[in-house]
file structure-v9.pdb (PDB, C-alpha atoms, pLDDT in the B column)
ATOM      1  CA  MET Y  71      22.492 163.337 170.345  1.00 40.00           C
ATOM      2  CA  THR Y  72      20.631 160.518 168.755  1.00 46.00           C
ATOM      3  CA  ALA Y  73      22.180 157.162 168.080  1.00 47.00           C
ATOM      4  CA  ASP Y  74      22.045 155.508 164.692  1.00 48.00           C
ATOM      5  CA  SER Y  75      20.868 151.958 165.418  1.00 47.00           C
ATOM      6  CA  SER Y  76      22.629 150.456 162.376  1.00 51.00           C
ATOM      7  CA  SER Y  77      26.153 151.309 163.554  1.00 52.00           C
ATOM      8  CA  GLN Y  78      28.239 152.610 166.406  1.00 73.00           C
ATOM      9  CA  THR Y  79      27.995 156.180 165.127  1.00 77.00           C
ATOM     10  CA  ARG Y  80      26.336 158.890 167.182  1.00 90.00           C
ATOM     11  CA  LEU Y  81      24.358 161.264 164.991  1.00 94.00           C
ATOM     12  CA  LEU Y  82      23.247 164.809 165.696  1.00 95.00           C
ATOM     13  CA  GLN Y  83      20.638 166.131 163.285  1.00 97.00           C
ATOM     14  CA  VAL Y  84      21.451 169.721 162.296  1.00 97.00           C
ATOM     15  CA  LEU Y  85      18.818 170.178 159.563  1.00 98.00           C
ATOM     16  CA  ASP Y  86      15.446 168.504 159.265  1.00 98.00           C
ATOM     17  CA  GLU Y  87      13.165 168.569 156.203  1.00 98.00           C
ATOM     18  CA  ALA Y  88      11.806 172.041 156.973  1.00 98.00           C
ATOM     19  CA  GLY Y  89      15.314 173.333 157.672  1.00 98.00           C
ATOM     20  CA  MET Y  90      16.537 171.976 154.348  1.00 98.00           C
ATOM     21  CA  ASP Y  91      13.623 173.670 152.565  1.00 98.00           C
ATOM     22  CA  ARG Y  92      14.475 177.028 154.176  1.00 98.00           C
ATOM     23  CA  THR Y  93      18.164 176.598 153.385  1.00 98.00           C
ATOM     24  CA  ILE Y  94      17.467 175.771 149.745  1.00 98.00           C
ATOM     25  CA  ALA Y  95      15.144 178.804 149.492  1.00 98.00           C
ATOM     26  CA  ARG Y  96      17.990 181.049 150.709  1.00 98.00           C
ATOM     27  CA  MET Y  97      20.363 179.496 148.195  1.00 98.00           C
ATOM     28  CA  VAL Y  98      17.852 180.137 145.414  1.00 98.00           C
ATOM     29  CA  ALA Y  99      17.464 183.774 146.438  1.00 97.00           C
ATOM     30  CA  GLU Y 100      21.237 184.198 146.281  1.00 97.00           C
ATOM     31  CA  ILE Y 101      21.522 182.576 142.838  1.00 97.00           C
ATOM     32  CA  VAL Y 102      18.651 184.644 141.429  1.00 96.00           C
ATOM     33  CA  GLU Y 103      20.021 187.858 142.920  1.00 96.00           C
ATOM     34  CA  ARG Y 104      23.463 187.185 141.468  1.00 96.00           C
ATOM     35  CA  ASP Y 105      22.568 185.839 138.026  1.00 95.00           C
ATOM     36  CA  GLY Y 106      18.843 186.425 137.520  1.00 91.00           C
ATOM     37  CA  GLY Y 107      18.104 182.740 137.172  1.00 85.00           C
ATOM     38  CA  ASP Y 108      19.639 182.509 133.679  1.00 92.00           C
ATOM     39  CA  VAL Y 109      21.944 179.681 134.689  1.00 97.00           C
ATOM     40  CA  MET Y 110      22.672 176.039 134.047  1.00 98.00           C
ATOM     41  CA  LEU Y 111      22.679 173.874 137.169  1.00 98.00           C
ATOM     42  CA  VAL Y 112      24.806 170.722 137.036  1.00 98.00           C
ATOM     43  CA  GLY Y 113      24.477 168.333 139.957  1.00 98.00           C
ATOM     44  CA  ILE Y 114      27.465 166.184 140.851  1.00 98.00           C
ATOM     45  CA  HIS Y 115      26.495 162.542 141.355  1.00 97.00           C
ATOM     46  CA  THR Y 116      25.111 161.389 143.728  1.00 94.00           C
ATOM     47  CA  ARG Y 117      23.476 163.867 146.091  1.00 98.00           C
ATOM     48  CA  GLY Y 118      24.283 166.959 144.083  1.00 98.00           C
ATOM     49  CA  VAL Y 119      21.755 165.727 141.516  1.00 98.00           C
ATOM     50  CA  PRO Y 120      18.608 165.983 143.700  1.00 98.00           C
ATOM     51  CA  LEU Y 121      19.874 169.249 145.190  1.00 98.00           C
ATOM     52  CA  ALA Y 122      20.305 170.728 141.697  1.00 98.00           C
ATOM     53  CA  ALA Y 123      16.793 169.563 140.740  1.00 98.00           C
ATOM     54  CA  ARG Y 124      15.300 171.215 143.822  1.00 98.00           C
ATOM     55  CA  LEU Y 125      17.205 174.421 143.178  1.00 98.00           C
ATOM     56  CA  ALA Y 126      16.062 174.422 139.544  1.00 98.00           C
ATOM     57  CA  ARG Y 127      12.379 173.985 140.481  1.00 98.00           C
ATOM     58  CA  ALA Y 128      12.607 176.776 143.034  1.00 97.00           C
ATOM     59  CA  ILE Y 129      14.429 179.135 140.640  1.00 97.00           C
ATOM     60  CA  GLU Y 130      11.789 178.453 137.990  1.00 96.00           C
ATOM     61  CA  GLY Y 131       9.106 179.363 140.516  1.00 95.00           C
ATOM     62  CA  THR Y 132      10.949 182.505 141.645  1.00 92.00           C
ATOM     63  CA  ALA Y 133      12.438 183.818 138.405  1.00 91.00           C
ATOM     64  CA  GLY Y 134       9.686 182.519 136.135  1.00 90.00           C
ATOM     65  CA  ARG Y 135      12.075 180.962 133.636  1.00 90.00           C
ATOM     66  CA  LYS Y 136      13.079 177.428 132.745  1.00 95.00           C
ATOM     67  CA  VAL Y 137      16.418 176.418 134.242  1.00 97.00           C
ATOM     68  CA  ALA Y 138      18.795 174.171 132.305  1.00 98.00           C
ATOM     69  CA  LEU Y 139      19.525 171.160 134.505  1.00 98.00           C
ATOM     70  CA  GLY Y 140      22.178 168.482 134.136  1.00 98.00           C
ATOM     71  CA  ARG Y 141      24.150 165.903 136.057  1.00 98.00           C
ATOM     72  CA  LEU Y 142      27.858 165.155 136.059  1.00 98.00           C
ATOM     73  CA  ASP Y 143      29.792 161.984 136.756  1.00 97.00           C
ATOM     74  CA  ILE Y 144      33.297 162.678 138.050  1.00 96.00           C
ATOM     75  CA  ALA Y 145      34.346 159.086 138.785  1.00 91.00           C
ATOM     76  CA  LEU Y 146      37.126 158.929 136.209  1.00 88.00           C
ATOM     77  CA  TYR Y 147      38.502 162.335 137.235  1.00 90.00           C
ATOM     78  CA  ARG Y 148      38.994 161.555 140.904  1.00 85.00           C
ATOM     79  CA  ASP Y 149      42.571 161.543 142.198  1.00 80.00           C
ATOM     80  CA  ASP Y 150      41.970 158.559 144.475  1.00 73.00           C
ATOM     81  CA  VAL Y 151      41.064 156.139 141.683  1.00 68.00           C
ATOM     82  CA  GLY Y 152      43.487 154.181 139.576  1.00 64.00           C
ATOM     83  CA  PRO Y 153      44.984 150.813 138.736  1.00 64.00           C
ATOM     84  CA  TRP Y 154      46.627 150.613 142.163  1.00 60.00           C
ATOM     85  CA  ARG Y 155      43.183 150.256 143.802  1.00 63.00           C
ATOM     86  CA  PRO Y 156      41.511 146.841 144.190  1.00 65.00           C
ATOM     87  CA  ALA Y 157      38.683 146.177 141.740  1.00 59.00           C
ATOM     88  CA  HIS Y 158      36.027 146.402 144.472  1.00 59.00           C
ATOM     89  CA  GLN Y 159      37.194 149.960 145.220  1.00 66.00           C
ATOM     90  CA  GLN Y 160      36.958 151.137 141.628  1.00 66.00           C
ATOM     91  CA  PRO Y 161      34.265 153.706 140.901  1.00 73.00           C
ATOM     92  CA  VAL Y 162      30.790 152.927 139.680  1.00 79.00           C
ATOM     93  CA  LEU Y 163      30.201 155.009 136.592  1.00 86.00           C
ATOM     94  CA  LYS Y 164      27.034 157.068 136.304  1.00 93.00           C
ATOM     95  CA  GLU Y 165      25.650 158.993 133.379  1.00 94.00           C
ATOM     96  CA  THR Y 166      26.664 162.555 132.614  1.00 97.00           C
ATOM     97  CA  VAL Y 167      23.781 164.447 131.017  1.00 98.00           C
ATOM     98  CA  LEU Y 168      24.046 168.095 130.068  1.00 98.00           C
ATOM     99  CA  PRO Y 169      20.962 169.905 128.719  1.00 97.00           C
ATOM    100  CA  GLY Y 170      22.903 171.569 125.912  1.00 97.00           C
ATOM    101  CA  PRO Y 171      26.191 173.279 125.191  1.00 98.00           C
ATOM    102  CA  ILE Y 172      27.910 174.873 128.169  1.00 98.00           C
ATOM    103  CA  ASP Y 173      29.895 177.344 126.088  1.00 98.00           C
ATOM    104  CA  ASP Y 174      29.363 180.936 127.233  1.00 97.00           C
ATOM    105  CA  ARG Y 175      26.883 179.854 129.930  1.00 98.00           C
ATOM    106  CA  ILE Y 176      26.944 180.508 133.652  1.00 98.00           C
ATOM    107  CA  VAL Y 177      27.210 177.007 135.072  1.00 98.00           C
ATOM    108  CA  TYR Y 178      26.640 176.228 138.723  1.00 98.00           C
ATOM    109  CA  LEU Y 179      28.237 173.014 139.913  1.00 98.00           C
ATOM    110  CA  VAL Y 180      25.974 171.742 142.692  1.00 98.00           C
ATOM    111  CA  ASP Y 181      26.979 169.341 145.454  1.00 98.00           C
ATOM    112  CA  ASP Y 182      25.727 168.367 148.872  1.00 98.00           C
ATOM    113  CA  VAL Y 183      28.909 168.771 150.963  1.00 98.00           C
ATOM    114  CA  LEU Y 184      32.116 170.733 150.376  1.00 98.00           C
ATOM    115  CA  PHE Y 185      34.953 169.152 152.346  1.00 97.00           C
ATOM    116  CA  THR Y 186      38.503 168.831 150.975  1.00 96.00           C
ATOM    117  CA  GLY Y 187      37.713 170.328 147.559  1.00 97.00           C
ATOM    118  CA  ARG Y 188      38.908 167.272 145.655  1.00 96.00           C
ATOM    119  CA  THR Y 189      35.441 166.396 144.347  1.00 96.00           C
ATOM    120  CA  ILE Y 190      35.047 169.909 142.966  1.00 98.00           C
ATOM    121  CA  ARG Y 191      38.494 169.792 141.354  1.00 98.00           C
ATOM    122  CA  ALA Y 192      37.458 166.578 139.614  1.00 97.00           C
ATOM    123  CA  ALA Y 193      34.148 168.166 138.562  1.00 98.00           C
ATOM    124  CA  LEU Y 194      35.944 171.158 137.056  1.00 98.00           C
ATOM    125  CA  ASP Y 195      38.260 168.842 135.109  1.00 97.00           C
ATOM    126  CA  SER Y 196      35.276 166.880 133.824  1.00 97.00           C
ATOM    127  CA  LEU Y 197      33.192 169.948 132.976  1.00 97.00           C
ATOM    128  CA  VAL Y 198      35.825 171.586 130.766  1.00 96.00           C
ATOM    129  CA  ASP Y 199      35.835 168.471 128.581  1.00 97.00           C
ATOM    130  CA  TYR Y 200      32.353 169.594 127.479  1.00 97.00           C
ATOM    131  CA  GLY Y 201      33.156 173.200 126.625  1.00 97.00           C
ATOM    132  CA  ARG Y 202      34.125 176.598 127.973  1.00 98.00           C
ATOM    133  CA  PRO Y 203      31.527 178.221 130.218  1.00 98.00           C
ATOM    134  CA  ARG Y 204      31.477 181.988 130.689  1.00 98.00           C
ATOM    135  CA  ALA Y 205      31.672 181.334 134.440  1.00 98.00           C
ATOM    136  CA  VAL Y 206      31.602 178.325 136.735  1.00 98.00           C
ATOM    137  CA  ARG Y 207      30.177 178.861 140.192  1.00 98.00           C
ATOM    138  CA  LEU Y 208      29.775 176.429 143.068  1.00 98.00           C
ATOM    139  CA  ALA Y 209      26.649 175.919 145.156  1.00 98.00           C
ATOM    140  CA  VAL Y 210      26.750 173.537 148.121  1.00 98.00           C
ATOM    141  CA  LEU Y 211      24.219 172.710 150.793  1.00 98.00           C
ATOM    142  CA  VAL Y 212      26.893 172.253 153.477  1.00 98.00           C
ATOM    143  CA  ASP Y 213      30.416 173.647 153.774  1.00 98.00           C
ATOM    144  CA  ARG Y 214      32.198 171.720 156.501  1.00 98.00           C
ATOM    145  CA  GLY Y 215      35.683 173.202 156.079  1.00 96.00           C
ATOM    146  CA  HIS Y 216      38.985 171.291 156.063  1.00 97.00           C
ATOM    147  CA  ARG Y 217      39.956 172.234 152.502  1.00 97.00           C
ATOM    148  CA  GLU Y 218      43.002 170.612 150.909  1.00 96.00           C
ATOM    149  CA  LEU Y 219      42.689 172.626 147.690  1.00 97.00           C
ATOM    150  CA  PRO Y 220      42.040 176.364 147.186  1.00 97.00           C
ATOM    151  CA  ILE Y 221      38.336 175.972 146.398  1.00 98.00           C
ATOM    152  CA  ALA Y 222      35.481 178.015 147.868  1.00 98.00           C
ATOM    153  CA  ALA Y 223      31.740 177.919 147.244  1.00 98.00           C
ATOM    154  CA  ASP Y 224      29.882 180.903 145.794  1.00 98.00           C
ATOM    155  CA  VAL Y 225      26.589 179.859 147.387  1.00 98.00           C
ATOM    156  CA  VAL Y 226      26.542 177.997 150.710  1.00 98.00           C
ATOM    157  CA  GLY Y 227      23.412 176.780 152.411  1.00 98.00           C
ATOM    158  CA  ARG Y 228      24.942 176.081 155.790  1.00 98.00           C
ATOM    159  CA  VAL Y 229      28.434 176.220 157.275  1.00 98.00           C
ATOM    160  CA  LEU Y 230      29.101 173.482 159.822  1.00 97.00           C
ATOM    161  CA  ASP Y 231      31.951 173.528 162.287  1.00 94.00           C
ATOM    162  CA  THR Y 232      33.265 169.973 162.199  1.00 95.00           C
ATOM    163  CA  THR Y 233      36.412 168.082 162.967  1.00 95.00           C
ATOM    164  CA  ALA Y 234      38.157 166.263 160.146  1.00 93.00           C
ATOM    165  CA  THR Y 235      37.104 162.899 161.609  1.00 93.00           C
ATOM    166  CA  GLU Y 236      33.422 163.683 161.947  1.00 95.00           C
ATOM    167  CA  ASP Y 237      31.075 162.463 159.266  1.00 95.00           C
ATOM    168  CA  VAL Y 238      28.539 164.795 157.636  1.00 97.00           C
ATOM    169  CA  GLN Y 239      25.580 162.941 156.176  1.00 97.00           C
ATOM    170  CA  VAL Y 240      23.169 164.675 153.828  1.00 98.00           C
ATOM    171  CA  ARG Y 241      20.091 162.694 152.914  1.00 98.00           C
ATOM    172  CA  PHE Y 242      17.560 163.454 150.214  1.00 98.00           C
ATOM    173  CA  ALA Y 243      14.199 161.730 149.941  1.00 97.00           C
ATOM    174  CA  GLU Y 244      14.884 161.064 146.266  1.00 96.00           C
ATOM    175  CA  VAL Y 245      17.959 158.969 147.105  1.00 96.00           C
ATOM    176  CA  ASP Y 246      17.691 158.030 150.779  1.00 97.00           C
ATOM    177  CA  GLY Y 247      13.984 158.121 151.575  1.00 97.00           C
ATOM    178  CA  GLU Y 248      14.294 161.088 153.964  1.00 97.00           C
ATOM    179  CA  ASP Y 249      15.554 164.665 154.088  1.00 98.00           C
ATOM    180  CA  GLY Y 250      18.053 165.933 156.616  1.00 98.00           C
ATOM    181  CA  VAL Y 251      21.636 166.708 157.551  1.00 98.00           C
ATOM    182  CA  TRP Y 252      23.447 164.940 160.370  1.00 98.00           C
ATOM    183  CA  ILE Y 253      26.887 165.165 161.930  1.00 97.00           C
ATOM    184  CA  GLY Y 254      28.203 161.868 163.184  1.00 92.00           C
ATOM    185  CA  ARG Y 255      31.227 160.497 164.924  1.00 75.00           C
ATOM    186  CA  GLU Y 256      32.267 157.071 166.048  1.00 67.00           C
ATOM    187  CA  ALA Y 257      30.862 156.228 169.475  1.00 62.00           C
ATOM    188  CA  GLY Y 258      34.390 155.707 170.812  1.00 58.00           C
ATOM    189  CA  ASP Y 259      35.512 159.133 169.550  1.00 51.00           C
ATOM    190  CA  GLY Y 260      36.134 161.295 172.596  1.00 49.00           C
ATOM    191  CA  GLY Y 261      34.682 164.641 171.429  1.00 48.00           C
TER     192      GLY Y 261
END
call {"tool": "encode", "arguments": {"input": "structure-v9.pdb", "output": "structure tokens"}}
result
Amino acid sequence: MTADSSSQTRLLQVLDEAGMDRTIARMVAEIVERDGGDVMLVGIHTRGVPLAARLARAIEGTAGRKVALGRLDIALYRDDVGPWRPAHQQPVLKETVLPGPIDDRIVYLVDDVLFTGRTIRAALDSLVDYGRPRAVRLAVLVDRGHRELPIAADVVGRVLDTTATEDVQVRFAEVDGEDGVWIGREAGDGG
């Protein structure tokens, strides 16, 4: 394990840049096989956005067609936000941009990590405010388990066996300056 010098968290890298590229290529193959690339990809802020952009570029290269690409802010749909929270814990709103109507489209919600399912529930609530897709599918880079809601991904890059207290960090160069996936736990955590 490697230690993160900025905190007392021990980090184990499970995907490096090349591993992420291979994982994304497999995800693309699965999306193209299932839907032929005629899809709309909607990244969930924050790290679902660069993942959706990478998937879209790769699908365009594989399927030879332009992929509709958008981004979705779910901040106001989260179930852990409300007037009972201090102001400094209130969400920072980001822009939702959809490339056109979602009615009768196959829409892939794209996110970096699937954990409890609450983010995806919020994304579904937000998405239906914009229309009625023919189908909504879910593509995630990492499925770490520990679901609290009955939500499952249609396309999964990597399944990680984690404990509920471990932290899964996905980093994208576009947001974080580097690519990779790490599992971390507090240094005092006995596992």
call {"tool": "residues_around", "arguments": {"input": "structure-v9.pdb", "residues": "range 106-112 of chain Y", "least_positions_apart": "4", "cutoff": "7 Å", "atoms": "all atoms listed in the file", "output": "MDAnalysis selection string"}}
result
chainID Y and resid 101:102 122 129 133 137:142 175:180
call {"tool": "atom_distance", "arguments": {"input": "structure-v9.pdb", "atom1": "CA of Asp174 in chain Y", "atom2": "CA of Val206 in chain Y"}}
result
10.1 Å
call {"tool": "resolve_selection", "arguments": {"input": "structure-v9.pdb", "expression": "the PyMOL selection byres ((chain Y and resi 215) around 12)", "output": "JSON, numbers by chain"}}
result
{"Y": [183, 184, 185, 186, 187, 210, 212, 213, 214, 216, 217, 218, 219, 220, 221, 222, 223, 226, 228, 229, 230, 231, 232, 233, 234, 235, 236, 238]}
call {"tool": "write_last_selection", "arguments": {"input": "structure-v9.pdb", "atoms": "C-alpha atoms", "output": "PDB file, in the frame of the given file"}}
result
ATOM      1  CA  VAL Y 183      28.909 168.771 150.963  1.00 98.00           C
ATOM      2  CA  LEU Y 184      32.116 170.733 150.376  1.00 98.00           C
ATOM      3  CA  PHE Y 185      34.953 169.152 152.346  1.00 97.00           C
ATOM      4  CA  THR Y 186      38.503 168.831 150.975  1.00 96.00           C
ATOM      5  CA  GLY Y 187      37.713 170.328 147.559  1.00 97.00           C
ATOM      6  CA  VAL Y 210      26.750 173.537 148.121  1.00 98.00           C
ATOM      7  CA  VAL Y 212      26.893 172.253 153.477  1.00 98.00           C
ATOM      8  CA  ASP Y 213      30.416 173.647 153.774  1.00 98.00           C
ATOM      9  CA  ARG Y 214      32.198 171.720 156.501  1.00 98.00           C
ATOM     10  CA  HIS Y 216      38.985 171.291 156.063  1.00 97.00           C
ATOM     11  CA  ARG Y 217      39.956 172.234 152.502  1.00 97.00           C
ATOM     12  CA  GLU Y 218      43.002 170.612 150.909  1.00 96.00           C
ATOM     13  CA  LEU Y 219      42.689 172.626 147.690  1.00 97.00           C
ATOM     14  CA  PRO Y 220      42.040 176.364 147.186  1.00 97.00           C
ATOM     15  CA  ILE Y 221      38.336 175.972 146.398  1.00 98.00           C
ATOM     16  CA  ALA Y 222      35.481 178.015 147.868  1.00 98.00           C
ATOM     17  CA  ALA Y 223      31.740 177.919 147.244  1.00 98.00           C
ATOM     18  CA  VAL Y 226      26.542 177.997 150.710  1.00 98.00           C
ATOM     19  CA  ARG Y 228      24.942 176.081 155.790  1.00 98.00           C
ATOM     20  CA  VAL Y 229      28.434 176.220 157.275  1.00 98.00           C
ATOM     21  CA  LEU Y 230      29.101 173.482 159.822  1.00 97.00           C
ATOM     22  CA  ASP Y 231      31.951 173.528 162.287  1.00 94.00           C
ATOM     23  CA  THR Y 232      33.265 169.973 162.199  1.00 95.00           C
ATOM     24  CA  THR Y 233      36.412 168.082 162.967  1.00 95.00           C
ATOM     25  CA  ALA Y 234      38.157 166.263 160.146  1.00 93.00           C
ATOM     26  CA  THR Y 235      37.104 162.899 161.609  1.00 93.00           C
ATOM     27  CA  GLU Y 236      33.422 163.683 161.947  1.00 95.00           C
ATOM     28  CA  VAL Y 238      28.539 164.795 157.636  1.00 97.00           C
TER      29      VAL Y 238
END
call {"tool": "resolve_selection", "arguments": {"input": "structure-v9.pdb", "expression": "the PyMOL selection byres ((chain Y and resi 253) around 6)", "output": "list in words"}}
result
Leu81, Leu82, Asp237, Val238, Trp252 and Gly254 of chain Y
call {"tool": "closest_residue", "arguments": {"input": "structure-v9.pdb", "among": "Y:Leu211, Y:Ala99, Y:Leu163, Y:Val119", "to": "Val240 in chain Y", "atoms": "all atoms listed in the file"}}
result
Y:Leu211
call {"tool": "resolve_selection", "arguments": {"input": "structure-v9.pdb", "expression": "the PyMOL selection byres ((chain Y and resi 193) around 12)", "output": "PyMOL selection string"}}
result
chain Y and resi 112-115+118+141-149+166+177-181+187-192+194-200+206-208+221
call {"tool": "atom_distance", "arguments": {"input": "structure-v9.pdb", "atom1": "CA of Val251 in chain Y", "atom2": "CA of Val98 in chain Y"}}
result
18.5 Å
call {"tool": "atom_distance", "arguments": {"input": "structure-v9.pdb", "atom1": "CA of Asp86 in chain Y", "atom2": "CA of Asp249 in chain Y"}}
result
6.4 Å
call {"tool": "decode", "arguments": {"input": "structure-v9.pdb", "residues": "range 108-134 of chain Y", "atoms": "N, CA and C atoms", "output": "compact mmCIF listing (two decimals), in the first residue's frame"}}
result
# COMPACT_ATOMS: atom_id res chain seq x y z
N ASP Y 108 -26.13 4.45 -30.71
CA ASP Y 108 -27.15 5.48 -30.87
C ASP Y 108 -27.75 5.79 -29.50
N VAL Y 109 -26.97 6.50 -28.69
CA VAL Y 109 -27.34 6.76 -27.31
C VAL Y 109 -27.05 8.22 -26.96
N MET Y 110 -27.60 8.64 -25.85
CA MET Y 110 -27.25 9.92 -25.26
C MET Y 110 -26.55 9.60 -23.94
N LEU Y 111 -25.36 10.12 -23.75
CA LEU Y 111 -24.62 9.93 -22.51
C LEU Y 111 -24.76 11.19 -21.67
N VAL Y 112 -25.16 11.01 -20.40
CA VAL Y 112 -25.33 12.15 -19.50
C VAL Y 112 -24.49 11.88 -18.26
N GLY Y 113 -23.42 12.64 -18.12
CA GLY Y 113 -22.53 12.51 -16.97
C GLY Y 113 -23.10 13.23 -15.77
N ILE Y 114 -23.02 12.57 -14.62
CA ILE Y 114 -23.46 13.18 -13.36
C ILE Y 114 -22.28 13.94 -12.77
N HIS Y 115 -22.51 15.22 -12.47
CA HIS Y 115 -21.43 16.02 -11.87
C HIS Y 115 -20.94 15.36 -10.60
N THR Y 116 -19.70 15.25 -10.32
CA THR Y 116 -18.59 15.90 -10.99
C THR Y 116 -17.84 14.92 -11.89
N ARG Y 117 -17.46 13.76 -11.38
CA ARG Y 117 -16.59 12.89 -12.16
C ARG Y 117 -17.30 12.01 -13.19
N GLY Y 118 -18.61 12.02 -13.18
CA GLY Y 118 -19.33 11.36 -14.26
C GLY Y 118 -19.22 12.13 -15.56
N VAL Y 119 -18.95 13.43 -15.48
CA VAL Y 119 -18.87 14.27 -16.67
C VAL Y 119 -17.64 13.90 -17.52
N PRO Y 120 -16.43 13.85 -16.95
CA PRO Y 120 -15.29 13.45 -17.81
C PRO Y 120 -15.38 12.00 -18.26
N LEU Y 121 -15.97 11.13 -17.45
CA LEU Y 121 -16.14 9.74 -17.87
C LEU Y 121 -17.08 9.67 -19.07
N ALA Y 122 -18.19 10.39 -19.02
CA ALA Y 122 -19.12 10.41 -20.15
C ALA Y 122 -18.45 10.95 -21.41
N ALA Y 123 -17.64 11.98 -21.27
CA ALA Y 123 -16.93 12.56 -22.43
C ALA Y 123 -15.97 11.54 -23.04
N ARG Y 124 -15.26 10.81 -22.19
CA ARG Y 124 -14.34 9.79 -22.71
C ARG Y 124 -15.09 8.65 -23.39
N LEU Y 125 -16.19 8.24 -22.78
CA LEU Y 125 -17.00 7.19 -23.41
C LEU Y 125 -17.53 7.66 -24.76
N ALA Y 126 -18.00 8.90 -24.82
CA ALA Y 126 -18.55 9.44 -26.07
C ALA Y 126 -17.49 9.46 -27.17
N ARG Y 127 -16.30 9.95 -26.86
CA ARG Y 127 -15.22 9.98 -27.86
C ARG Y 127 -14.90 8.57 -28.37
N ALA Y 128 -14.84 7.63 -27.45
CA ALA Y 128 -14.50 6.25 -27.83
C ALA Y 128 -15.63 5.61 -28.64
N ILE Y 129 -16.88 5.87 -28.29
CA ILE Y 129 -18.00 5.33 -29.06
C ILE Y 129 -18.00 5.92 -30.46
N GLU Y 130 -17.74 7.23 -30.56
CA GLU Y 130 -17.67 7.87 -31.87
C GLU Y 130 -16.60 7.22 -32.74
N GLY Y 131 -15.45 6.89 -32.12
CA GLY Y 131 -14.38 6.24 -32.86
C GLY Y 131 -14.72 4.81 -33.25
N THR Y 132 -15.47 4.12 -32.41
CA THR Y 132 -15.83 2.72 -32.65
C THR Y 132 -17.04 2.59 -33.57
N ALA Y 133 -18.10 3.32 -33.26
CA ALA Y 133 -19.36 3.18 -34.00
C ALA Y 133 -19.44 4.12 -35.19
N GLY Y 134 -18.53 5.10 -35.25
CA GLY Y 134 -18.52 6.02 -36.37
C GLY Y 134 -19.71 6.96 -36.42
